[in-house]
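Q: My structure is stored as structure_6.pdb, with PDB, C-alpha atoms.
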```
ATOM      1  CA  MET G  28     112.763 104.016 107.892
ATOM      2  CA  ILE G  29     110.982 103.590 104.578
ATOM      3  CA  PHE G  30     107.458 102.195 104.705
ATOM      4  CA  TYR G  31     106.152 100.965 101.374
ATOM      5  CA  PHE G  32     103.183  99.284  99.782
ATOM      6  CA  THR G  33     103.020  97.819  96.289
ATOM      7  CA  GLY G  34     100.705  95.823  94.069
ATOM      8  CA  THR G  35     102.533  95.215  90.802
ATOM      9  CA  GLY G  36     106.037  96.081  91.978
ATOM     10  CA  ASN G  37     106.322  99.657  90.691
ATOM     11  CA  THR G  38     106.489 101.180  94.145
ATOM     12  CA  ARG G  39     108.656  98.466  95.615
ATOM     13  CA  TRP G  40     111.270  99.214  92.959
ATOM     14  CA  ALA G  41     111.183 102.947  93.768
ATOM     15  CA  ALA G  42     111.395 102.265  97.507
ATOM     16  CA  GLU G  43     114.363  99.942  96.962
ATOM     17  CA  LYS G  44     116.175 102.713  95.080
ATOM     18  CA  LEU G  45     115.660 105.053  98.035
ATOM     19  CA  ALA G  46     116.858 102.398 100.481
ATOM     20  CA  GLU G  47     120.002 101.899  98.411
ATOM     21  CA  ALA G  48     120.674 105.647  98.339
ATOM     22  CA  THR G  49     120.020 106.316 102.032
ATOM     23  CA  GLY G  50     121.014 103.017 103.633
ATOM     24  CA  GLU G  51     117.768 103.027 105.595
ATOM     25  CA  GLU G  52     115.510 100.147 106.544
ATOM     26  CA  LEU G  53     112.788  99.098 104.112
ATOM     27  CA  LEU G  54     109.532  97.964 105.747
ATOM     28  CA  TYR G  55     106.568  96.400 103.920
ATOM     29  CA  ILE G  56     103.346  97.875 105.334
ATOM     30  CA  PRO G  57     101.236  94.655 105.273
ATOM     31  CA  ASP G  58     103.971  92.794 107.184
ATOM     32  CA  GLU G  59     104.070  95.585 109.752
ATOM     33  CA  GLN G  60     100.294  95.423 110.191
ATOM     34  CA  ARG G  61     100.414  91.666 110.716
ATOM     35  CA  LYS G  62     102.751  92.206 113.660
ATOM     36  CA  GLY G  63      99.953  93.985 115.495
ATOM     37  CA  LYS G  64     101.425  96.904 117.419
ATOM     38  CA  CYS G  65     102.793  99.471 114.983
ATOM     39  CA  GLU G  66     105.006 101.782 117.032
ATOM     40  CA  TYR G  67     108.231 103.295 115.754
ATOM     41  CA  THR G  68     110.905 105.494 117.286
ATOM     42  CA  MET G  69     113.059 107.512 114.928
ATOM     43  CA  LYS G  70     116.760 107.971 115.577
ATOM     44  CA  GLU G  71     118.329 111.409 115.484
ATOM     45  CA  GLY G  72     118.806 112.414 111.852
ATOM     46  CA  GLU G  73     116.842 109.427 110.510
ATOM     47  CA  ARG G  74     114.452 109.959 107.614
ATOM     48  CA  LEU G  75     110.818 108.819 107.666
ATOM     49  CA  GLY G  76     109.558 107.872 104.216
ATOM     50  CA  PHE G  77     106.286 106.595 102.816
ATOM     51  CA  CYS G  78     106.113 105.050  99.327
ATOM     52  CA  PHE G  79     102.874 103.835  97.795
ATOM     53  CA  PRO G  80     100.952 103.632  94.505
ATOM     54  CA  THR G  81      98.118 105.927  93.484
ATOM     55  CA  HIS G  82      94.750 104.161  93.786
ATOM     56  CA  GLY G  83      91.968 106.069  92.074
ATOM     57  CA  TRP G  84      93.825 109.372  92.579
ATOM     58  CA  GLN G  85      93.946 108.784  96.347
ATOM     59  CA  PRO G  86      96.339 107.026  98.745
ATOM     60  CA  PRO G  87      95.559 103.295  99.044
ATOM     61  CA  ARG G  88      93.198 102.410 101.870
ATOM     62  CA  ILE G  89      95.788 100.129 103.455
ATOM     63  CA  VAL G  90      98.319 102.989 103.640
ATOM     64  CA  ARG G  91      95.846 105.406 105.212
ATOM     65  CA  GLU G  92      94.827 102.788 107.771
ATOM     66  CA  PHE G  93      98.468 102.061 108.587
ATOM     67  CA  VAL G  94      99.189 105.718 109.328
ATOM     68  CA  ARG G  95      96.065 105.991 111.485
ATOM     69  CA  GLN G  96      96.865 102.902 113.571
ATOM     70  CA  SER G  97     100.590 103.619 113.974
ATOM     71  CA  THR G  98     102.531 105.686 116.464
ATOM     72  CA  PHE G  99     105.624 107.486 115.233
ATOM     73  CA  HIS G 100     108.003 108.960 117.791
ATOM     74  CA  VAL G 101     109.916 111.502 115.735
ATOM     75  CA  GLN G 102     112.837 113.764 116.546
ATOM     76  CA  SER G 103     113.032 117.476 115.818
ATOM     77  CA  SER G 104     115.475 116.555 113.056
ATOM     78  CA  THR G 105     113.292 113.892 111.442
ATOM     79  CA  PHE G 106     112.971 114.462 107.695
ATOM     80  CA  ILE G 107     109.582 113.224 106.439
ATOM     81  CA  TYR G 108     108.862 112.555 102.789
ATOM     82  CA  ALA G 109     106.388 110.700 100.579
ATOM     83  CA  LEU G 110     106.569 109.239  97.093
ATOM     84  CA  THR G 111     103.695 107.955  95.009
ATOM     85  CA  THR G 112     103.807 106.075  91.721
ATOM     86  CA  CYS G 113     101.037 106.697  89.194
ATOM     87  CA  GLY G 114     100.054 105.716  85.679
ATOM     88  CA  ASP G 115      99.750 109.271  84.364
ATOM     89  CA  ASN G 116      98.870 111.625  87.222
ATOM     90  CA  MET G 117      97.954 111.553  90.894
ATOM     91  CA  GLY G 118      95.479 114.396  91.347
ATOM     92  CA  GLU G 119      95.298 115.738  94.913
ATOM     93  CA  LEU G 120      96.552 112.483  96.431
ATOM     94  CA  MET G 121      99.391 114.139  98.316
ATOM     95  CA  THR G 122      97.036 116.711  99.857
ATOM     96  CA  ILE G 123      94.910 113.842 101.177
ATOM     97  CA  PHE G 124      97.975 112.031 102.500
ATOM     98  CA  GLU G 125      99.241 115.195 104.189
ATOM     99  CA  GLN G 126      95.945 115.388 106.070
ATOM    100  CA  GLU G 127      96.489 111.851 107.364
ATOM    101  CA  LEU G 128      99.969 112.809 108.576
ATOM    102  CA  LYS G 129      98.822 116.040 110.189
ATOM    103  CA  ALA G 130      96.264 114.086 112.214
ATOM    104  CA  LYS G 131      99.289 112.284 113.717
ATOM    105  CA  GLU G 132     101.150 115.598 114.156
ATOM    106  CA  LEU G 133     103.558 114.735 111.373
ATOM    107  CA  TRP G 134     104.548 117.300 108.749
ATOM    108  CA  LEU G 135     105.581 116.439 105.202
ATOM    109  CA  ASP G 136     108.879 118.058 104.188
ATOM    110  CA  THR G 137     109.174 116.831 100.609
ATOM    111  CA  SER G 138     107.046 114.821  98.166
ATOM    112  CA  PHE G 139     107.276 113.270  94.726
ATOM    113  CA  ALA G 140     105.221 111.548  92.066
ATOM    114  CA  VAL G 141     106.843 109.097  89.663
ATOM    115  CA  VAL G 142     105.012 108.092  86.490
ATOM    116  CA  MET G 143     105.185 104.331  85.955
ATOM    117  CA  PRO G 144     103.359 101.813  83.721
ATOM    118  CA  GLU G 145      99.591 101.738  84.222
ATOM    119  CA  SER G 146      98.115  98.817  86.169
ATOM    120  CA  ASN G 147      94.500  99.851  86.860
ATOM    121  CA  VAL G 148      92.045  97.596  85.026
ATOM    122  CA  CYS G 149      88.938  98.658  86.964
ATOM    123  CA  PHE G 150      87.945 101.746  84.950
ATOM    124  CA  SER G 151      86.558 101.275  81.447
ATOM    125  CA  PHE G 152      88.396 104.402  80.251
ATOM    126  CA  LEU G 153      91.812 103.273  81.569
ATOM    127  CA  HIS G 154      93.979 100.885  79.588
ATOM    128  CA  LEU G 155      97.323  99.241  80.228
ATOM    129  CA  ASP G 156     100.272 100.711  78.394
ATOM    130  CA  THR G 157     101.787  99.059  75.353
ATOM    131  CA  LYS G 158     105.100  97.267  75.923
ATOM    132  CA  GLU G 159     106.868 100.130  74.176
ATOM    133  CA  LYS G 160     105.174 102.703  76.428
ATOM    134  CA  GLU G 161     106.009 100.613  79.499
ATOM    135  CA  GLN G 162     109.695 100.699  78.620
ATOM    136  CA  GLU G 163     109.588 104.440  77.919
ATOM    137  CA  LYS G 164     108.033 105.120  81.322
ATOM    138  CA  ILE G 165     110.473 102.848  83.156
ATOM    139  CA  ALA G 166     113.464 104.445  81.435
ATOM    140  CA  ALA G 167     112.229 107.912  82.399
ATOM    141  CA  ALA G 168     111.519 106.743  85.962
ATOM    142  CA  GLN G 169     115.050 105.378  86.299
ATOM    143  CA  GLU G 170     116.476 108.810  85.539
ATOM    144  CA  ARG G 171     113.945 110.505  87.780
ATOM    145  CA  MET G 172     114.779 108.241  90.732
ATOM    146  CA  LYS G 173     118.424 109.311  90.537
ATOM    147  CA  HIS G 174     117.335 112.896  91.144
ATOM    148  CA  ILE G 175     114.792 111.981  93.827
ATOM    149  CA  SER G 176     117.324 109.819  95.648
ATOM    150  CA  GLU G 177     119.758 112.732  95.848
ATOM    151  CA  VAL G 178     117.109 115.118  97.160
ATOM    152  CA  ILE G 179     116.055 112.679  99.870
ATOM    153  CA  LYS G 180     119.603 111.631 100.712
ATOM    154  CA  ASN G 181     120.478 115.302 101.251
ATOM    155  CA  GLN G 182     117.205 115.924 103.132
ATOM    156  CA  GLN G 183     116.209 118.899 100.999
ATOM    157  CA  LYS G 184     113.019 120.389 102.377
ATOM    158  CA  GLY G 185     110.287 122.133 100.404
ATOM    159  CA  VAL G 186     110.710 120.077  97.241
ATOM    160  CA  HIS G 187     107.291 119.004  95.974
ATOM    161  CA  GLU G 188     107.488 117.582  92.448
ATOM    162  CA  LEU G 189     104.043 116.228  91.717
ATOM    163  CA  VAL G 190     102.049 115.290  88.614
ATOM    164  CA  LYS G 191      98.549 116.444  89.480
ATOM    165  CA  GLY G 192      96.966 116.410  86.020
ATOM    166  CA  ALA G 193      94.594 118.888  84.387
ATOM    167  CA  ILE G 194      91.688 118.603  86.852
ATOM    168  CA  PRO G 195      93.220 117.255  90.066
ATOM    169  CA  ARG G 196      90.289 117.948  92.393
ATOM    170  CA  THR G 197      87.869 116.228  90.023
ATOM    171  CA  TYR G 198      90.224 113.280  89.712
ATOM    172  CA  SER G 199      90.657 112.790  93.455
ATOM    173  CA  TYR G 200      87.405 113.966  95.009
ATOM    174  CA  VAL G 201      84.817 113.161  92.324
ATOM    175  CA  ILE G 202      86.027 110.230  90.198
ATOM    176  CA  GLY G 203      88.450 108.983  92.844
ATOM    177  CA  GLY G 204      85.896 109.544  95.567
ATOM    178  CA  TYR G 205      83.403 107.287  93.793
ATOM    179  CA  TYR G 206      86.055 104.693  92.991
ATOM    180  CA  ASN G 207      87.409 104.463  96.519
ATOM    181  CA  LYS G 208      83.949 104.404  98.086
ATOM    182  CA  HIS G 209      82.219 101.946  95.779
ATOM    183  CA  LEU G 210      84.816  99.900  93.884
ATOM    184  CA  ILE G 211      87.452  99.159  96.525
ATOM    185  CA  ASN G 212      86.246  95.681  97.434
ATOM    186  CA  ASP G 213      86.645  92.054  96.389
ATOM    187  CA  GLU G 214      83.155  91.548  94.987
ATOM    188  CA  LYS G 215      84.071  91.706  91.295
ATOM    189  CA  PHE G 216      87.023  89.308  91.353
ATOM    190  CA  TRP G 217      86.408  85.892  89.833
ATOM    191  CA  VAL G 218      88.538  82.987  88.683
ATOM    192  CA  ASP G 219      88.477  80.910  85.515
ATOM    193  CA  GLU G 220      88.843  77.500  87.153
ATOM    194  CA  GLU G 221      89.785  75.824  83.860
ATOM    195  CA  ALA G 222      92.777  78.156  83.505
ATOM    196  CA  CYS G 223      93.753  78.124  87.196
ATOM    197  CA  ILE G 224      96.733  75.853  87.972
ATOM    198  CA  LYS G 225      96.102  75.984  91.743
ATOM    199  CA  CYS G 226      99.554  77.400  92.506
ATOM    200  CA  GLY G 227      98.293  79.464  95.441
ATOM    201  CA  LEU G 228     100.363  82.500  94.437
ATOM    202  CA  CYS G 229      97.409  84.872  94.673
ATOM    203  CA  ALA G 230      96.709  83.892  98.295
ATOM    204  CA  ARG G 231     100.387  84.281  99.224
ATOM    205  CA  LEU G 232     100.587  87.716  97.637
ATOM    206  CA  CYS G 233      97.338  89.143  99.016
ATOM    207  CA  PRO G 234      98.455  91.915 101.404
ATOM    208  CA  VAL G 235      95.269  91.731 103.482
ATOM    209  CA  ASP G 236      94.890  87.912 103.650
ATOM    210  CA  ASP G 237      91.571  88.029 101.802
ATOM    211  CA  ILE G 238      92.194  84.949  99.623
ATOM    212  CA  GLU G 239      92.359  81.311 100.586
ATOM    213  CA  GLY G 240      92.331  77.960  98.809
ATOM    214  CA  ALA G 241      93.205  76.876  95.288
ATOM    215  CA  PRO G 242      91.327  77.699  93.144
ATOM    216  CA  PRO G 243      91.187  80.957  95.104
ATOM    217  CA  VAL G 244      88.197  82.053  97.126
ATOM    218  CA  TRP G 245      87.832  85.626  98.325
ATOM    219  CA  ILE G 246      86.690  85.478 101.934
ATOM    220  CA  HIS G 247      85.196  88.991 101.995
ATOM    221  CA  ASN G 248      86.994  90.099 105.149
ATOM    222  CA  GLY G 249      86.309  93.749 104.317
ATOM    223  CA  ARG G 250      89.990  94.612 103.933
ATOM    224  CA  CYS G 251      90.517  94.367 100.149
ATOM    225  CA  THR G 252      92.489  97.412  99.033
ATOM    226  CA  ASN G 253      92.104  96.681  95.300
ATOM    227  CA  CYS G 254      95.868  96.520  94.732
ATOM    228  CA  LEU G 255      95.294  93.952  91.939
ATOM    229  CA  ALA G 256      98.308  91.874  92.981
ATOM    230  CA  CYS G 257      96.241  88.689  92.638
ATOM    231  CA  TYR G 258      95.058  89.729  89.173
ATOM    232  CA  HIS G 259      98.375  90.830  87.690
ATOM    233  CA  HIS G 260     100.629  88.151  89.177
ATOM    234  CA  CYS G 261      98.478  85.156  88.196
ATOM    235  CA  PRO G 262     100.750  83.049  85.929
ATOM    236  CA  ARG G 263      97.808  81.911  83.782
ATOM    237  CA  HIS G 264      95.742  85.117  83.889
ATOM    238  CA  ALA G 265      92.968  83.054  85.463
ATOM    239  CA  ILE G 266      91.842  85.869  87.768
ATOM    240  CA  HIS G 267      89.599  88.584  86.370
ATOM    241  CA  TRP G 268      87.892  91.717  87.641
ATOM    242  CA  GLY G 269      84.375  92.391  86.440
ATOM    243  CA  LYS G 270      83.306  91.736  82.868
ATOM    244  CA  MET G 271      86.131  93.595  81.148
ATOM    245  CA  LYS G 272      88.931  91.567  79.610
ATOM    246  CA  ARG G 273      92.248  93.317  80.180
ATOM    247  CA  GLY G 274      95.907  92.352  80.101
ATOM    248  CA  GLN G 275      98.409  92.070  82.933
ATOM    249  CA  TYR G 276     101.379  94.115  84.087
ATOM    250  CA  VAL G 277     104.146  93.275  86.573
ATOM    251  CA  PHE G 278     107.260  95.429  86.964
ATOM    252  CA  ASN G 279     110.038  93.697  84.989
ATOM    253  CA  LYS G 280     108.250  90.376  85.686
ATOM    254  CA  ARG G 281     110.471  89.695  88.668
ATOM    255  CA  GLU G 282     109.563  86.453  90.403
ATOM    256  CA  ASP G 283     111.034  87.209  93.833
ATOM    257  CA  ARG G 284     108.604  90.014  94.635
ATOM    258  CA  LYS G 285     106.282  89.934  97.637
ATOM    259  CA  SER G 286     103.541  91.663  95.682
TER     260      SER G 286
END
```
Before we go any further, please render this structure as structure tokens.
A:
Amino acid sequence: MIFYFTGTGNTRWAAEKLAEATGEELLYIPDEQRKGKCEYTMKEGERLGFCFPTHGWQPPRIVREFVRQSTFHVQSSTFIYALTTCGDNMGELMTIFEQELKAKELWLDTSFAVVMPESNVCFSFLHLDTKEKEQEKIAAAQERMKHISEVIKNQQKGVHELVKGAIPRTYSYVIGGYYNKHLINDEKFWVDEEACIKCGLCARLCPVDDIEGAPPVWIHNGRCTNCLACYHHCPRHAIHWGKMKRGQYVFNKREDRKS
């Protein structure tokens, strides 16, 4: 089983590559949560994978909540791995995620970070990549996923290829701590109603069902995970976050993506 979460499509693409290599089932975390009871029994020899983006140098809130509310019946042979996508680095994200797994008596065998185009528009010091840089990162990620797919297919344990950055603890526990505590909410989203074409795409893509109507209205259900799917996928860039004017990014601009 491969459980994944995505906002702009970076992580979905990586998870799809792993599913192709291993032949294992791909499960979208928000869909699993909507089903209610999250209980899974692993078959003998089956891998258990988690794929998700880096949000403020920490695992996304929705992913952490999913692990906490789920029950995983694993076998002694179950190979457990995690993969995160990040704009440049992921700090101590994997250490934090390992703690979530350990609380469920799950032990991470192998982990990876894959650098992908930047999508965070919530920090003033972060900027989206140029189109040229996007293509460079995607090309490098394509080669990297070939290697990662082989490692996971062969269930190689003890492989931890991460991109922590120069000051990982500061990234995750200081800057990321502030970001995830104070900025992970829907309060700063707003819509330019003159630009909005009332297509309803943002509401359909919201993984936590926090948007309704057209033009969109955020219902403040307390579940926003700040994935920015609504922001980046808007066909008229009518949705904004805060006062900063930033561009948009969607992986390869595929139209058939859930989020």
Q: For stretch 219-234 of chain G, work out the shell of residues within 12 Å, counting only C-alpha atoms and skipping chain neighbours fewer than 5 positions away, then give it as number ranges by chain.
A: G: 31-36, 55-61, 87-90, 213, 239-246, 250-268, 282-286
Q: Please, could you write that set of residues out with C-alpha atoms as an mmCIF file, keeping the file's coordinate frame?
A:
```cif
data_model
loop_
_atom_site.group_PDB
_atom_site.id
_atom_site.type_symbol
_atom_site.label_atom_id
_atom_site.label_comp_id
_atom_site.auth_asym_id
_atom_site.auth_seq_id
_atom_site.Cartn_x
_atom_site.Cartn_y
_atom_site.Cartn_z
ATOM 1 C CA TYR G 31 106.152 100.965 101.374
ATOM 2 C CA PHE G 32 103.183 99.284 99.782
ATOM 3 C CA THR G 33 103.020 97.819 96.289
ATOM 4 C CA GLY G 34 100.705 95.823 94.069
ATOM 5 C CA THR G 35 102.533 95.215 90.802
ATOM 6 C CA GLY G 36 106.037 96.081 91.978
ATOM 7 C CA TYR G 55 106.568 96.400 103.920
ATOM 8 C CA ILE G 56 103.346 97.875 105.334
ATOM 9 C CA PRO G 57 101.236 94.655 105.273
ATOM 10 C CA ASP G 58 103.971 92.794 107.184
ATOM 11 C CA GLU G 59 104.070 95.585 109.752
ATOM 12 C CA GLN G 60 100.294 95.423 110.191
ATOM 13 C CA ARG G 61 100.414 91.666 110.716
ATOM 14 C CA PRO G 87 95.559 103.295 99.044
ATOM 15 C CA ARG G 88 93.198 102.410 101.870
ATOM 16 C CA ILE G 89 95.788 100.129 103.455
ATOM 17 C CA VAL G 90 98.319 102.989 103.640
ATOM 18 C CA ASP G 213 86.645 92.054 96.389
ATOM 19 C CA GLU G 239 92.359 81.311 100.586
ATOM 20 C CA GLY G 240 92.331 77.960 98.809
ATOM 21 C CA ALA G 241 93.205 76.876 95.288
ATOM 22 C CA PRO G 242 91.327 77.699 93.144
ATOM 23 C CA PRO G 243 91.187 80.957 95.104
ATOM 24 C CA VAL G 244 88.197 82.053 97.126
ATOM 25 C CA TRP G 245 87.832 85.626 98.325
ATOM 26 C CA ILE G 246 86.690 85.478 101.934
ATOM 27 C CA ARG G 250 89.990 94.612 103.933
ATOM 28 C CA CYS G 251 90.517 94.367 100.149
ATOM 29 C CA THR G 252 92.489 97.412 99.033
ATOM 30 C CA ASN G 253 92.104 96.681 95.300
ATOM 31 C CA CYS G 254 95.868 96.520 94.732
ATOM 32 C CA LEU G 255 95.294 93.952 91.939
ATOM 33 C CA ALA G 256 98.308 91.874 92.981
ATOM 34 C CA CYS G 257 96.241 88.689 92.638
ATOM 35 C CA TYR G 258 95.058 89.729 89.173
ATOM 36 C CA HIS G 259 98.375 90.830 87.690
ATOM 37 C CA HIS G 260 100.629 88.151 89.177
ATOM 38 C CA CYS G 261 98.478 85.156 88.196
ATOM 39 C CA PRO G 262 100.750 83.049 85.929
ATOM 40 C CA ARG G 263 97.808 81.911 83.782
ATOM 41 C CA HIS G 264 95.742 85.117 83.889
ATOM 42 C CA ALA G 265 92.968 83.054 85.463
ATOM 43 C CA ILE G 266 91.842 85.869 87.768
ATOM 44 C CA HIS G 267 89.599 88.584 86.370
ATOM 45 C CA TRP G 268 87.892 91.717 87.641
ATOM 46 C CA GLU G 282 109.563 86.453 90.403
ATOM 47 C CA ASP G 283 111.034 87.209 93.833
ATOM 48 C CA ARG G 284 108.604 90.014 94.635
ATOM 49 C CA LYS G 285 106.282 89.934 97.637
ATOM 50 C CA SER G 286 103.541 91.663 95.682
#
```
Q: Pick out the residues sitting within 9 Å of G:Thr38, and hand them over as a compact mmCIF listing (two decimals) with C-alpha atoms, in the coordinates of the input; count only C-alpha atoms, and ignore anything fewer than 6 positions along from it in its own chain.
A:
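Saved the output as result_23.txt:
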```
# COMPACT_ATOMS: atom_id res chain seq x y z
CA TYR G 31 106.15 100.96 101.37
CA PHE G 32 103.18 99.28 99.78
CA CYS G 78 106.11 105.05 99.33
CA PHE G 79 102.87 103.84 97.80
CA PRO G 80 100.95 103.63 94.50
CA LEU G 110 106.57 109.24 97.09
CA THR G 111 103.70 107.96 95.01
CA THR G 112 103.81 106.08 91.72
CA MET G 143 105.18 104.33 85.96
```
Q: Identify which of the residues G:Lys70, G:Thr81, G:Glu127, G:Asp136 lies closest to G:His100, counting only C-alpha atoms when measuring atom-to-atom distances.
A: G:Lys70
Q: List the neighbours of G:Thr49 out to 9 Å using only C-alpha atoms; skip same-chain residues closer than 6 positions along the sequence, and give me the result as a PDB file with C-alpha atoms, keeping the file's coordinate frame.
A:
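The result, stored in out35.pdb:
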```
ATOM      1  CA  ARG G  74     114.452 109.959 107.614  1.00  0.00           C
ATOM      2  CA  SER G 176     117.324 109.819  95.648  1.00  0.00           C
ATOM      3  CA  GLU G 177     119.758 112.732  95.848  1.00  0.00           C
ATOM      4  CA  ILE G 179     116.055 112.679  99.870  1.00  0.00           C
ATOM      5  CA  LYS G 180     119.603 111.631 100.712  1.00  0.00           C
TER       6      LYS G 180
END
```
Q: Kindly list the centre and edge lengths in Å, rounded to one decimal, for the axis-aligned box that covers all listed atoms of stretch 176-185 of chain G plus 8 Å on each of its six sides, as lines of an AutoDock Vina configuration file.
A:
```
center_x = 115.4
center_y = 116.0
center_z = 99.4
size_x = 26.2
size_y = 28.3
size_z = 23.5
```
Q: Enumerate, as a list in words, the residues matched when the PyMOL selection byres ((chain G and resi 125) around 12) is run on the file above.
A: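 Selected by the PyMOL selection byres ((chain G and resi 125) around 12) in this file: Phe77, Gln85, Pro86, Arg91, Val94, Ile107, Tyr108, Ala109, Leu110, Glu119, Leu120, Met121, Thr122, Ile123, Phe124, Gln126, Glu127, Leu128, Lys129, Ala130, Lys131, Glu132, Leu133, Trp134, Leu135, Asp136, Thr137 and Ser138 of chain G.
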Q: Could you take the residues named above and write them with C-alpha atoms, as a tab-separated table (two decimals), in the frame of the given file?
A:
```tsv
chain	number	residue	atom	x	y	z
G	77	PHE	CA	106.29	106.60	102.82
G	85	GLN	CA	93.95	108.78	96.35
G	86	PRO	CA	96.34	107.03	98.74
G	91	ARG	CA	95.85	105.41	105.21
G	94	VAL	CA	99.19	105.72	109.33
G	107	ILE	CA	109.58	113.22	106.44
G	108	TYR	CA	108.86	112.56	102.79
G	109	ALA	CA	106.39	110.70	100.58
G	110	LEU	CA	106.57	109.24	97.09
G	119	GLU	CA	95.30	115.74	94.91
G	120	LEU	CA	96.55	112.48	96.43
G	121	MET	CA	99.39	114.14	98.32
G	122	THR	CA	97.04	116.71	99.86
G	123	ILE	CA	94.91	113.84	101.18
G	124	PHE	CA	97.98	112.03	102.50
G	126	GLN	CA	95.94	115.39	106.07
G	127	GLU	CA	96.49	111.85	107.36
G	128	LEU	CA	99.97	112.81	108.58
G	129	LYS	CA	98.82	116.04	110.19
G	130	ALA	CA	96.26	114.09	112.21
G	131	LYS	CA	99.29	112.28	113.72
G	132	GLU	CA	101.15	115.60	114.16
G	133	LEU	CA	103.56	114.74	111.37
G	134	TRP	CA	104.55	117.30	108.75
G	135	LEU	CA	105.58	116.44	105.20
G	136	ASP	CA	108.88	118.06	104.19
G	137	THR	CA	109.17	116.83	100.61
G	138	SER	CA	107.05	114.82	98.17
```
Q: To one decimal place in Å, what is the distance between atom CA of G:Met117 and atom CA of G:His187?
A: 13.0 Å
Q: For a quick check of understanding, using only C-alpha atoms, which of G:Ala41, G:Arg273, G:Met69, G:Gly118 has the smallest distance to G:Ile194?
A: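 Closest to G:Ile194 of all the choices is G:Gly118.
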Q: What's the separation between atom CA of G:His154 and atom CA of G:Glu43, in Å to one decimal place?
A: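 Computed distance, atom CA of G:His154 to atom CA of G:Glu43, equals 26.8 Å.
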Q: When you count all atoms listed in the file, which of these residues is closest to G:Leu210: G:Asn248, G:Asn147, G:Gln102, G:Gln182?
A: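 Using all atoms listed in the file, the shortest distance to G:Leu210 belongs to G:Asn147.
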Q: Kindly indicate which residue among G:Val235, G:Ala168, G:Leu153, G:Ala140 lies nearest to G:His247, using only C-alpha atoms for the distances.
A: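 Under the stated criterion, the closest residue is G:Val235.
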Q: Excluding G:Val101 and any residue of its chain fewer than 3 positions from it, enumerate the residues within 9 Å of it, using only C-alpha atoms, and give them as a VMD selection string.
A: chain G and resid 67 to 71 73 75 104 to 105 133
Q: Mind pulling up the distance from atom CA of G:Pro144 to atom CA of G:Arg39?
A: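 Between these atoms lies a distance of 13.4 Å.
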Q: Which of these, G:Gly249, G:Trp40, G:Glu47, G:Phe216, has the shortest distance to G:Asp237 once you count all atoms listed in the file?
A: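 Checking each candidate against G:Asp237, we get G:Gly249 as the closest.
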Q: Here's the selection I'm unsure about, the PyMOL selection byres ((chain G and resi 54) around 6); applied to the file above, which residues does it give, as a list in words?
A: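 Taken over the shown coordinates, the PyMOL selection byres ((chain G and resi 54) around 6) returns Ile29, Phe30, Leu53 and Tyr55 of chain G.
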Q: Using all atoms listed in the file, which of G:Phe106, G:Thr197, G:Arg171, G:Tyr276 sits nearest G:Gln183?
A: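 Among the listed residues, G:Phe106 lies closest to G:Gln183.
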